[in-house]
>>> print(open('upload21.tsv').read())   # TSV, C-alpha atoms
chain	number	residue	atom	x	y	z
X	1	ARG	CA	79.07	99.11	96.90
X	2	LYS	CA	81.52	96.94	95.00
X	3	GLU	CA	80.08	94.53	92.44
X	4	VAL	CA	81.99	91.62	93.92
X	5	GLU	CA	82.90	91.62	97.60
X	6	GLN	CA	85.25	89.35	99.47
X	7	ASP	CA	86.71	89.24	102.94
X	8	PRO	CA	90.35	90.22	102.35
X	9	GLY	CA	91.60	87.97	105.15
X	10	PRO	CA	94.23	86.86	105.74
X	11	PHE	CA	93.06	83.43	106.72
X	12	ASN	CA	95.86	81.71	108.60
X	13	VAL	CA	95.27	77.96	108.89
X	14	PRO	CA	97.41	74.93	109.72
X	15	GLU	CA	98.16	72.24	107.21
X	16	GLY	CA	95.32	69.76	106.96
X	17	ALA	CA	92.65	72.26	107.96
X	18	THR	CA	89.46	72.93	106.05
X	19	VAL	CA	88.89	76.54	105.09
X	20	ALA	CA	85.98	78.25	103.37
X	21	PHE	CA	85.76	81.57	101.55
X	22	ASN	CA	82.60	83.40	100.65
X	23	CYS	CA	81.98	86.03	98.05
X	24	THR	CA	78.89	88.13	97.33
X	25	TYR	CA	77.93	89.80	94.06
X	26	SER	CA	75.52	92.66	93.60
X	27	ASN	CA	74.26	92.21	90.04
X	28	SER	CA	71.53	89.60	89.80
X	29	ALA	CA	72.12	89.43	86.04
X	30	SER	CA	75.49	87.81	86.63
X	31	GLN	CA	75.74	84.68	84.57
X	32	SER	CA	79.05	82.91	85.03
X	33	PHE	CA	81.16	82.50	88.11
X	34	PHE	CA	84.77	81.51	88.70
X	35	TRP	CA	87.47	81.26	91.29
X	36	TYR	CA	90.93	82.38	90.24
X	37	ARG	CA	94.10	81.93	92.24
X	38	GLN	CA	96.92	84.47	92.35
X	39	ASP	CA	100.28	83.75	93.90
X	40	CYS	CA	102.37	86.60	95.27
X	41	ARG	CA	103.73	88.76	92.46
X	42	LYS	CA	102.30	86.42	89.83
X	43	GLU	CA	99.42	86.52	87.39
X	44	PRO	CA	95.89	85.26	88.20
X	45	LYS	CA	95.11	81.74	87.04
X	46	LEU	CA	91.76	80.02	86.73
X	47	LEU	CA	91.21	77.62	89.64
X	48	MET	CA	87.72	76.45	88.77
X	49	SER	CA	84.43	77.48	87.30
X	50	VAL	CA	81.38	77.49	89.58
X	51	TYR	CA	78.29	75.67	88.37
X	52	SER	CA	74.75	76.11	89.65
X	53	SER	CA	74.63	72.61	91.08
X	54	GLY	CA	77.96	73.00	92.80
X	55	ASN	CA	81.11	71.27	91.69
X	56	GLU	CA	84.17	69.62	93.10
X	57	ASP	CA	87.73	69.33	91.87
X	58	GLY	CA	89.84	67.22	94.19
X	59	ARG	CA	90.14	69.04	97.50
X	60	PHE	CA	88.27	72.07	96.18
X	61	THR	CA	84.49	72.51	96.23
X	62	ALA	CA	82.67	75.49	94.79
X	63	GLN	CA	79.04	76.36	95.37
X	64	LEU	CA	76.68	79.00	94.05
X	65	ASN	CA	73.60	80.39	95.73
X	66	ARG	CA	71.79	82.53	93.18
X	67	ALA	CA	68.96	83.51	95.53
X	68	SER	CA	71.39	85.00	98.03
X	69	GLN	CA	73.92	86.01	95.38
X	70	TYR	CA	76.91	84.41	96.94
X	71	ILE	CA	79.60	81.98	95.91
X	72	SER	CA	81.75	79.86	98.14
X	73	LEU	CA	85.01	77.96	97.88
X	74	LEU	CA	85.88	75.17	100.28
X	75	ILE	CA	89.40	73.81	100.52
X	76	ARG	CA	89.86	70.53	102.38
X	77	ASP	CA	93.11	69.16	103.75
X	78	SER	CA	94.99	72.43	103.17
X	79	LYS	CA	98.53	72.23	101.83
X	80	LEU	CA	101.34	74.73	102.20
X	81	SER	CA	101.13	75.20	98.44
X	82	ASP	CA	97.54	76.44	98.76
X	83	SER	CA	98.88	79.70	100.20
X	84	ALA	CA	97.77	82.37	97.75
X	85	THR	CA	95.10	84.97	97.12
X	86	TYR	CA	91.78	83.61	95.89
X	87	LEU	CA	89.82	85.88	93.57
X	88	CYS	CA	86.07	85.59	93.15
X	89	VAL	CA	85.08	86.44	89.58
X	90	VAL	CA	81.73	87.13	87.99
X	91	ARG	CA	80.64	87.62	84.39
X	92	GLN	CA	77.45	89.47	83.61
X	93	LEU	CA	74.85	88.25	81.17
X	94	GLY	CA	75.40	89.55	77.70
X	95	THR	CA	78.95	90.77	78.23
X	96	ASP	CA	82.42	89.34	78.00
X	97	LYS	CA	83.65	91.34	80.96
X	98	LEU	CA	84.88	89.63	84.09
X	99	ILE	CA	84.49	91.48	87.37
X	100	PHE	CA	87.10	90.49	89.93
X	101	GLY	CA	86.82	90.70	93.67
X	102	THR	CA	89.84	92.09	95.50
X	103	GLY	CA	90.68	88.63	96.75
X	104	THR	CA	90.97	86.68	99.98
X	105	ARG	CA	94.46	85.86	101.15
X	106	LEU	CA	95.13	82.39	102.51
X	107	GLN	CA	98.26	81.46	104.44
X	108	VAL	CA	98.73	77.81	105.34
X	109	PHE	CA	101.35	77.18	108.00
X	110	PRO	CA	103.13	73.93	108.98
J	1	ASP	CA	102.76	76.32	74.13
J	2	ALA	CA	103.55	80.01	74.49
J	3	GLY	CA	101.27	81.87	76.83
J	4	VAL	CA	100.39	85.55	76.79
J	5	ILE	CA	103.60	87.53	76.46
J	6	GLN	CA	103.93	90.99	77.92
J	7	SER	CA	106.77	93.46	77.77
J	8	PRO	CA	108.47	95.06	79.50
J	9	ARG	CA	108.29	93.12	82.78
J	10	HIS	CA	109.27	96.20	84.75
J	11	GLU	CA	109.24	99.88	83.87
J	12	VAL	CA	110.38	102.77	85.98
J	13	THR	CA	110.03	106.23	84.52
J	14	GLU	CA	109.52	109.84	85.50
J	15	MET	CA	106.15	111.48	85.49
J	16	GLY	CA	105.27	113.15	82.24
J	17	GLN	CA	106.95	110.51	80.11
J	18	GLU	CA	105.10	108.34	77.63
J	19	VAL	CA	104.78	104.70	78.62
J	20	THR	CA	104.01	101.91	76.15
J	21	LEU	CA	103.08	98.44	77.32
J	22	ARG	CA	102.98	95.56	74.87
J	23	CYS	CA	101.08	92.31	74.69
J	24	LYS	CA	101.10	89.27	72.44
J	25	PRO	CA	98.01	87.10	73.03
J	26	ILE	CA	97.88	83.35	72.68
J	27	SER	CA	97.62	82.44	69.02
J	28	GLY	CA	94.03	81.80	67.99
J	29	HIS	CA	92.45	83.65	70.87
J	30	ASP	CA	89.68	86.04	69.85
J	31	TYR	CA	89.59	88.22	72.94
J	32	LEU	CA	92.24	90.43	74.50
J	33	PHE	CA	91.85	92.23	77.82
J	34	TRP	CA	93.92	94.90	79.56
J	35	TYR	CA	93.72	95.07	83.37
J	36	ARG	CA	95.31	97.19	86.05
J	37	GLN	CA	95.94	95.85	89.56
J	38	THR	CA	96.60	97.90	92.69
J	39	MET	CA	96.42	97.02	96.36
J	40	MET	CA	93.57	99.44	96.95
J	41	ARG	CA	91.36	98.67	93.96
J	42	GLY	CA	92.29	95.14	93.02
J	43	LEU	CA	92.09	94.00	89.42
J	44	GLU	CA	90.22	96.41	87.17
J	45	LEU	CA	89.36	95.90	83.52
J	46	LEU	CA	90.54	98.83	81.41
J	47	ILE	CA	89.53	97.76	77.91
J	48	TYR	CA	88.92	94.66	75.86
J	49	PHE	CA	89.02	93.73	72.19
J	50	ASN	CA	87.21	91.11	70.18
J	51	ASN	CA	88.81	90.22	66.85
J	52	ASN	CA	91.03	93.31	67.14
J	53	VAL	CA	88.07	95.66	67.61
J	54	PRO	CA	87.70	97.58	70.88
J	55	ILE	CA	84.42	96.53	72.47
J	56	ASP	CA	84.36	98.25	75.84
J	57	ASP	CA	86.77	100.94	76.99
J	58	SER	CA	84.64	102.21	79.86
J	59	GLY	CA	87.33	101.22	82.33
J	60	MET	CA	90.00	103.43	80.80
J	61	PRO	CA	90.69	106.02	83.50
J	62	GLU	CA	91.03	109.09	81.33
J	63	ASP	CA	92.23	110.42	78.01
J	64	ARG	CA	95.83	109.87	78.95
J	65	PHE	CA	95.26	106.16	78.39
J	66	SER	CA	94.88	104.63	74.94
J	67	ALA	CA	94.99	101.09	73.59
J	68	LYS	CA	95.31	99.64	70.13
J	69	MET	CA	95.25	96.24	68.56
J	70	PRO	CA	96.56	96.58	65.00
J	71	ASN	CA	96.46	92.82	64.38
J	72	ALA	CA	95.52	89.56	66.04
J	73	SER	CA	98.93	89.04	67.57
J	74	PHE	CA	99.76	92.41	69.09
J	75	SER	CA	98.29	95.08	71.33
J	76	THR	CA	99.63	98.17	73.06
J	77	LEU	CA	98.50	100.21	76.03
J	78	LYS	CA	99.89	103.73	76.14
J	79	ILE	CA	99.90	106.28	78.91
J	80	GLN	CA	100.79	109.83	77.91
J	81	PRO	CA	101.63	111.76	79.99
J	82	SER	CA	102.23	109.36	82.86
J	83	GLU	CA	101.52	110.29	86.48
J	84	PRO	CA	102.61	108.70	89.79
J	85	ARG	CA	99.07	107.44	90.42
J	86	ASP	CA	99.38	105.27	87.31
J	87	SER	CA	101.86	103.09	89.19
J	88	ALA	CA	100.41	99.57	89.23
J	89	VAL	CA	100.76	96.13	87.70
J	90	TYR	CA	99.23	96.01	84.24
J	91	PHE	CA	98.06	92.62	83.00
J	92	CYS	CA	97.09	91.53	79.55
J	93	ALA	CA	94.87	88.46	79.15
J	94	SER	CA	93.42	86.58	76.20
J	95	SER	CA	90.70	84.01	75.73
J	96	LEU	CA	88.86	82.05	73.10
J	97	VAL	CA	85.40	83.14	72.06
J	98	SER	CA	83.20	83.16	75.13
J	99	GLY	CA	80.39	81.14	73.72
J	100	ALA	CA	76.92	80.95	75.20
J	101	ALA	CA	78.07	79.59	78.52
J	102	GLY	CA	80.95	82.02	78.85
J	103	LYS	CA	83.10	79.42	80.48
J	104	GLN	CA	86.29	80.07	78.57
J	105	PRO	CA	89.04	81.03	81.01
J	106	GLN	CA	91.17	84.09	80.53
J	107	HIS	CA	94.89	83.43	80.33
J	108	PHE	CA	97.00	86.16	81.85
J	109	GLY	CA	100.47	87.33	81.00
J	110	ASP	CA	103.11	87.86	83.67
J	111	GLY	CA	102.22	91.55	83.91
J	112	THR	CA	104.19	94.78	83.67
J	113	ARG	CA	105.14	96.38	86.96
J	114	LEU	CA	105.01	100.11	86.29
J	115	SER	CA	106.44	102.72	88.63
J	116	ILE	CA	106.05	106.39	87.84
J	117	LEU	CA	108.33	108.61	89.90
>>> encode(input="upload21.tsv", output="structure tokens")
Amino acid sequence: RKEVEQDPGPFNVPEGATVAFNCTYSNSASQSFFWYRQDCRKEPKLLMSVYSSGNEDGRFTAQLNRASQYISLLIRDSKLSDSATYLCVVRQLGTDKLIFGTGTRLQVFP
Amino acid sequence: DAGVIQSPRHEVTEMGQEVTLRCKPISGHDYLFWYRQTMMRGLELLIYFNNNVPIDDSGMPEDRFSAKMPNASFSTLKIQPSEPRDSAVYFCASSLVSGAAGKQPQHFGDGTRLSIL
């Protein structure tokens, strides 16, 4: 079983739609959580950290459920420019290693 | 500000040849990470350094792979001899000290697209 699992997608949604991605992690000792975004043939970039109480950054909302070991990302009012692969990332307690999921691809169409 | 700089951007070589990938981290960053990305396996951590010292190389596939960080501003990843299955995108990333919360983001370079024929 992979340490971080994501639905690969693709999720094809129209502009203005709301879309949600989930991610599950297997190691209960995981301490920090992030969403990274990767555009086609580009490097991953940090989108947002995920805090225990949930957090919002504009149209993006991230939530963490430690009991069920899953993380979610909600994107409201999708834009064409949101088309990318979204990587769920986990860091384990006591290490500096980040474990990346294989990503969920989002395609927003006009 | 200059980001993480990797070279070369693309490399195509024949199997059996030595390949050297280079990385210059962001000035002042304490951590440097080498990743490999393929369609099948996603982004995998190969090795990481803290203050130029290798901390965890458990992700290095086999003895054909080696990495060094002779100083704070330069690191290399070598593959010798190279094989077709090494074809992938290799990313270097750097970050500031993680700190207790571990919230420091990793900044990635543009990657090296490696093709072994």
>>> closest_atom_pairs(input="upload21.tsv", of="chain X", to="chain J", cutoff="12 Å", atoms="all atoms listed in the file", output="Markdown table")
| residue | atom | partner | partner_atom | distance |
| --- | --- | --- | --- | --- |
| X:Lys2 | CA | J:Arg41 | CA | 10.0 |
| X:Glu3 | CA | J:Glu44 | CA | 11.6 |
| X:Val4 | CA | J:Gly42 | CA | 10.9 |
| X:Glu5 | CA | J:Gly42 | CA | 11.0 |
| X:Gln6 | CA | J:Gly42 | CA | 11.2 |
| X:Pro8 | CA | J:Gly42 | CA | 10.7 |
| X:Ser30 | CA | J:Gly102 | CA | 11.1 |
| X:Gln31 | CA | J:Gly102 | CA | 8.2 |
| X:Ser32 | CA | J:Gly102 | CA | 6.5 |
| X:Phe33 | CA | J:Lys103 | CA | 8.5 |
| X:Phe34 | CA | J:Lys103 | CA | 8.6 |
| X:Trp35 | CA | J:Pro105 | CA | 10.4 |
| X:Tyr36 | CA | J:Pro105 | CA | 9.5 |
| X:Arg37 | CA | J:Phe108 | CA | 11.6 |
| X:Gln38 | CA | J:Phe108 | CA | 10.6 |
| X:Asp39 | CA | J:Asp110 | CA | 11.4 |
| X:Cys40 | CA | J:Asp110 | CA | 11.7 |
| X:Arg41 | CA | J:Asp110 | CA | 8.9 |
| X:Lys42 | CA | J:Asp110 | CA | 6.4 |
| X:Glu43 | CA | J:Asp110 | CA | 5.4 |
| X:Pro44 | CA | J:Phe108 | CA | 6.5 |
| X:Lys45 | CA | J:His107 | CA | 6.9 |
| X:Leu46 | CA | J:Pro105 | CA | 6.4 |
| X:Leu47 | CA | J:Pro105 | CA | 9.5 |
| X:Met48 | CA | J:Pro105 | CA | 9.1 |
| X:Ser49 | CA | J:Lys103 | CA | 7.2 |
| X:Val50 | CA | J:Lys103 | CA | 9.5 |
| X:Tyr51 | CA | J:Lys103 | CA | 10.0 |
| X:Thr85 | CA | J:Gly42 | CA | 11.3 |
| X:Tyr86 | CA | J:Gly42 | CA | 11.9 |
| X:Leu87 | CA | J:Leu43 | CA | 9.4 |
| X:Cys88 | CA | J:Leu43 | CA | 11.0 |
| X:Val89 | CA | J:Leu43 | CA | 10.3 |
| X:Val90 | CA | J:Gly102 | CA | 10.5 |
| X:Arg91 | CA | J:Gly102 | CA | 7.9 |
| X:Gln92 | CA | J:Gly102 | CA | 9.5 |
| X:Leu93 | CA | J:Gly102 | CA | 9.0 |
| X:Gly94 | CA | J:Ala100 | CA | 9.1 |
| X:Thr95 | CA | J:Gly102 | CA | 9.0 |
| X:Asp96 | CA | J:Ser98 | CA | 6.9 |
| X:Lys97 | CA | J:Leu45 | CA | 7.7 |
| X:Leu98 | CA | J:Leu45 | CA | 7.7 |
| X:Ile99 | CA | J:Glu44 | CA | 7.6 |
| X:Phe100 | CA | J:Leu43 | CA | 6.1 |
| X:Gly101 | CA | J:Gly42 | CA | 7.1 |
| X:Thr102 | CA | J:Gly42 | CA | 4.6 |
| X:Gly103 | CA | J:Gly42 | CA | 7.7 |
| X:Thr104 | CA | J:Gly42 | CA | 11.0 |
>>> closest_atom_pairs(input="upload21.tsv", of="stretch 3-43 of chain X", to="stretch 62-79 of chain X", cutoff="7 Å", atoms="only C-alpha atoms", output="tab-separated table")
residue	atom	partner	partner_atom	distance
X:Glu15	CA	X:Ser78	CA	5.1
X:Gly16	CA	X:Asp77	CA	3.9
X:Ala17	CA	X:Asp77	CA	5.2
X:Thr18	CA	X:Arg76	CA	4.4
X:Val19	CA	X:Ile75	CA	5.3
X:Ala20	CA	X:Leu74	CA	4.4
X:Phe21	CA	X:Leu73	CA	5.2
X:Asn22	CA	X:Ser72	CA	4.4
X:Cys23	CA	X:Ile71	CA	5.2
X:Thr24	CA	X:Tyr70	CA	4.2
X:Tyr25	CA	X:Gln69	CA	5.7
>>> write_last_selection(input="upload21.tsv", atoms="C-alpha atoms", output="CSV table (one decimal), keeping the file's coordinate frame")
chain,number,residue,atom,x,y,z
X,15,GLU,CA,98.2,72.2,107.2
X,16,GLY,CA,95.3,69.8,107.0
X,17,ALA,CA,92.6,72.3,108.0
X,18,THR,CA,89.5,72.9,106.0
X,19,VAL,CA,88.9,76.5,105.1
X,20,ALA,CA,86.0,78.2,103.4
X,21,PHE,CA,85.8,81.6,101.6
X,22,ASN,CA,82.6,83.4,100.6
X,23,CYS,CA,82.0,86.0,98.0
X,24,THR,CA,78.9,88.1,97.3
X,25,TYR,CA,77.9,89.8,94.1
>>> atom_distance(input="upload21.tsv", atom1="atom CA of J:Arg22", atom2="atom CA of J:Ser73")
10.6 Å
>>> residues_around(input="upload21.tsv", residues="J:Leu77", least_positions_apart="6", cutoff="6 Å", atoms="only C-alpha atoms", output="ChimeraX atom specification")
/J:20-21,66-67
>>> atom_distance(input="upload21.tsv", atom1="atom CA of J:Pro81", atom2="atom CA of J:Glu18")
5.4 Å
>>> residues_near_point(input="upload21.tsv", point="(98.5, 88.6, 71.9)", cutoff="10 Å", atoms="all atoms listed in the file", output="PyMOL selection string")
chain J and resi 3-6+22-33+69+71-76+92-95+109
>>> write_last_selection(input="upload21.tsv", atoms="C-alpha atoms", output="PDB file, in the coordinates of the input")
ATOM      1  CA  GLY J   3     101.270  81.870  76.830  1.00  0.00           C
ATOM      2  CA  VAL J   4     100.390  85.550  76.790  1.00  0.00           C
ATOM      3  CA  ILE J   5     103.600  87.530  76.460  1.00  0.00           C
ATOM      4  CA  GLN J   6     103.930  90.990  77.920  1.00  0.00           C
ATOM      5  CA  ARG J  22     102.980  95.560  74.870  1.00  0.00           C
ATOM      6  CA  CYS J  23     101.080  92.310  74.690  1.00  0.00           C
ATOM      7  CA  LYS J  24     101.100  89.270  72.440  1.00  0.00           C
ATOM      8  CA  PRO J  25      98.010  87.100  73.030  1.00  0.00           C
ATOM      9  CA  ILE J  26      97.880  83.350  72.680  1.00  0.00           C
ATOM     10  CA  SER J  27      97.620  82.440  69.020  1.00  0.00           C
ATOM     11  CA  GLY J  28      94.030  81.800  67.990  1.00  0.00           C
ATOM     12  CA  HIS J  29      92.450  83.650  70.870  1.00  0.00           C
ATOM     13  CA  ASP J  30      89.680  86.040  69.850  1.00  0.00           C
ATOM     14  CA  TYR J  31      89.590  88.220  72.940  1.00  0.00           C
ATOM     15  CA  LEU J  32      92.240  90.430  74.500  1.00  0.00           C
ATOM     16  CA  PHE J  33      91.850  92.230  77.820  1.00  0.00           C
ATOM     17  CA  MET J  69      95.250  96.240  68.560  1.00  0.00           C
ATOM     18  CA  ASN J  71      96.460  92.820  64.380  1.00  0.00           C
ATOM     19  CA  ALA J  72      95.520  89.560  66.040  1.00  0.00           C
ATOM     20  CA  SER J  73      98.930  89.040  67.570  1.00  0.00           C
ATOM     21  CA  PHE J  74      99.760  92.410  69.090  1.00  0.00           C
ATOM     22  CA  SER J  75      98.290  95.080  71.330  1.00  0.00           C
ATOM     23  CA  THR J  76      99.630  98.170  73.060  1.00  0.00           C
ATOM     24  CA  CYS J  92      97.090  91.530  79.550  1.00  0.00           C
ATOM     25  CA  ALA J  93      94.870  88.460  79.150  1.00  0.00           C
ATOM     26  CA  SER J  94      93.420  86.580  76.200  1.00  0.00           C
ATOM     27  CA  SER J  95      90.700  84.010  75.730  1.00  0.00           C
ATOM     28  CA  GLY J 109     100.470  87.330  81.000  1.00  0.00           C
TER      29      GLY J 109
END
>>> decode(input="upload21.tsv", residues="stretch 75-86 of chain J", atoms="all heavy atoms", output="mmCIF file, in the first residue's frame")
data_model
loop_
_atom_site.group_PDB
_atom_site.id
_atom_site.type_symbol
_atom_site.label_atom_id
_atom_site.label_comp_id
_atom_site.auth_asym_id
_atom_site.auth_seq_id
_atom_site.Cartn_x
_atom_site.Cartn_y
_atom_site.Cartn_z
ATOM 1 N N SER J 75 25.498 20.680 -5.456
ATOM 2 C CA SER J 75 25.327 19.247 -5.241
ATOM 3 C C SER J 75 25.289 18.544 -6.592
ATOM 4 O O SER J 75 24.891 19.141 -7.602
ATOM 5 C CB SER J 75 24.029 18.970 -4.480
ATOM 6 O OG SER J 75 23.812 17.577 -4.338
ATOM 7 N N THR J 76 25.720 17.299 -6.606
ATOM 8 C CA THR J 76 25.661 16.494 -7.822
ATOM 9 C C THR J 76 24.982 15.172 -7.539
ATOM 10 O O THR J 76 25.065 14.633 -6.429
ATOM 11 C CB THR J 76 27.059 16.201 -8.396
ATOM 12 O OG1 THR J 76 27.829 15.500 -7.417
ATOM 13 C CG2 THR J 76 27.760 17.475 -8.811
ATOM 14 N N LEU J 77 24.313 14.660 -8.546
ATOM 15 C CA LEU J 77 23.749 13.315 -8.527
ATOM 16 C C LEU J 77 24.335 12.592 -9.734
ATOM 17 O O LEU J 77 24.201 13.075 -10.863
ATOM 18 C CB LEU J 77 22.225 13.362 -8.623
ATOM 19 C CG LEU J 77 21.503 12.004 -8.678
ATOM 20 C CD1 LEU J 77 21.641 11.266 -7.349
ATOM 21 C CD2 LEU J 77 20.017 12.198 -8.993
ATOM 22 N N LYS J 78 25.007 11.479 -9.474
ATOM 23 C CA LYS J 78 25.658 10.750 -10.562
ATOM 24 C C LYS J 78 25.026 9.388 -10.729
ATOM 25 O O LYS J 78 24.650 8.719 -9.747
ATOM 26 C CB LYS J 78 27.153 10.571 -10.277
ATOM 27 C CG LYS J 78 27.978 11.801 -10.523
ATOM 28 C CD LYS J 78 29.479 11.502 -10.475
ATOM 29 C CE LYS J 78 30.256 12.774 -10.774
ATOM 30 N NZ LYS J 78 31.706 12.543 -10.773
ATOM 31 N N ILE J 79 24.936 8.954 -11.967
ATOM 32 C CA ILE J 79 24.482 7.620 -12.297
ATOM 33 C C ILE J 79 25.566 6.989 -13.173
ATOM 34 O O ILE J 79 25.911 7.514 -14.223
ATOM 35 C CB ILE J 79 23.152 7.626 -13.079
ATOM 36 C CG1 ILE J 79 22.107 8.479 -12.360
ATOM 37 C CG2 ILE J 79 22.626 6.194 -13.225
ATOM 38 C CD1 ILE J 79 20.820 8.682 -13.164
ATOM 39 N N GLN J 80 26.118 5.880 -12.699
ATOM 40 C CA GLN J 80 27.193 5.225 -13.425
ATOM 41 C C GLN J 80 27.189 3.726 -13.107
ATOM 42 O O GLN J 80 27.408 3.366 -11.953
ATOM 43 C CB GLN J 80 28.553 5.836 -13.069
ATOM 44 C CG GLN J 80 29.779 5.060 -13.533
ATOM 45 C CD GLN J 80 29.897 4.943 -15.035
ATOM 46 O OE1 GLN J 80 29.341 5.726 -15.780
ATOM 47 N NE2 GLN J 80 30.627 3.920 -15.475
ATOM 48 N N PRO J 81 26.955 2.865 -14.109
ATOM 49 C CA PRO J 81 26.568 3.170 -15.468
ATOM 50 C C PRO J 81 25.061 3.422 -15.576
ATOM 51 O O PRO J 81 24.288 2.851 -14.804
ATOM 52 C CB PRO J 81 26.955 1.901 -16.215
ATOM 53 C CG PRO J 81 26.750 0.822 -15.191
ATOM 54 C CD PRO J 81 27.112 1.421 -13.866
ATOM 55 N N SER J 82 24.654 4.216 -16.519
ATOM 56 C CA SER J 82 23.230 4.513 -16.684
ATOM 57 C C SER J 82 22.527 3.373 -17.426
ATOM 58 O O SER J 82 23.149 2.645 -18.219
ATOM 59 C CB SER J 82 23.039 5.843 -17.428
ATOM 60 O OG SER J 82 23.684 5.785 -18.684
ATOM 61 N N GLU J 83 21.218 3.248 -17.141
ATOM 62 C CA GLU J 83 20.397 2.228 -17.787
ATOM 63 C C GLU J 83 19.101 2.886 -18.268
ATOM 64 O O GLU J 83 18.679 3.908 -17.719
ATOM 65 C CB GLU J 83 20.065 1.106 -16.805
ATOM 66 C CG GLU J 83 21.281 0.335 -16.331
ATOM 67 C CD GLU J 83 20.936 -0.811 -15.397
ATOM 68 O OE1 GLU J 83 19.726 -1.051 -15.163
ATOM 69 O OE2 GLU J 83 21.869 -1.477 -14.900
ATOM 70 N N PRO J 84 18.454 2.291 -19.279
ATOM 71 C CA PRO J 84 17.208 2.897 -19.801
ATOM 72 C C PRO J 84 16.161 3.141 -18.718
ATOM 73 O O PRO J 84 15.422 4.122 -18.778
ATOM 74 C CB PRO J 84 16.743 1.877 -20.840
ATOM 75 C CG PRO J 84 18.008 1.260 -21.347
ATOM 76 C CD PRO J 84 18.900 1.159 -20.122
ATOM 77 N N ARG J 85 16.088 2.275 -17.715
ATOM 78 C CA ARG J 85 15.074 2.448 -16.673
ATOM 79 C C ARG J 85 15.347 3.638 -15.763
ATOM 80 O O ARG J 85 14.512 3.973 -14.907
ATOM 81 C CB ARG J 85 14.953 1.175 -15.823
ATOM 82 C CG ARG J 85 16.215 0.771 -15.088
ATOM 83 C CD ARG J 85 16.074 -0.647 -14.551
ATOM 84 N NE ARG J 85 17.372 -1.197 -14.115
ATOM 85 C CZ ARG J 85 17.636 -1.519 -12.874
ATOM 86 N NH1 ARG J 85 16.742 -1.355 -11.939
ATOM 87 N NH2 ARG J 85 18.820 -2.019 -12.545
ATOM 88 N N ASP J 86 16.494 4.270 -15.923
ATOM 89 C CA ASP J 86 16.794 5.487 -15.164
ATOM 90 C C ASP J 86 16.157 6.715 -15.810
ATOM 91 O O ASP J 86 16.198 7.802 -15.229
ATOM 92 C CB ASP J 86 18.313 5.710 -15.083
ATOM 93 C CG ASP J 86 19.036 4.549 -14.423
ATOM 94 O OD1 ASP J 86 18.421 3.863 -13.573
ATOM 95 O OD2 ASP J 86 20.214 4.311 -14.766
#
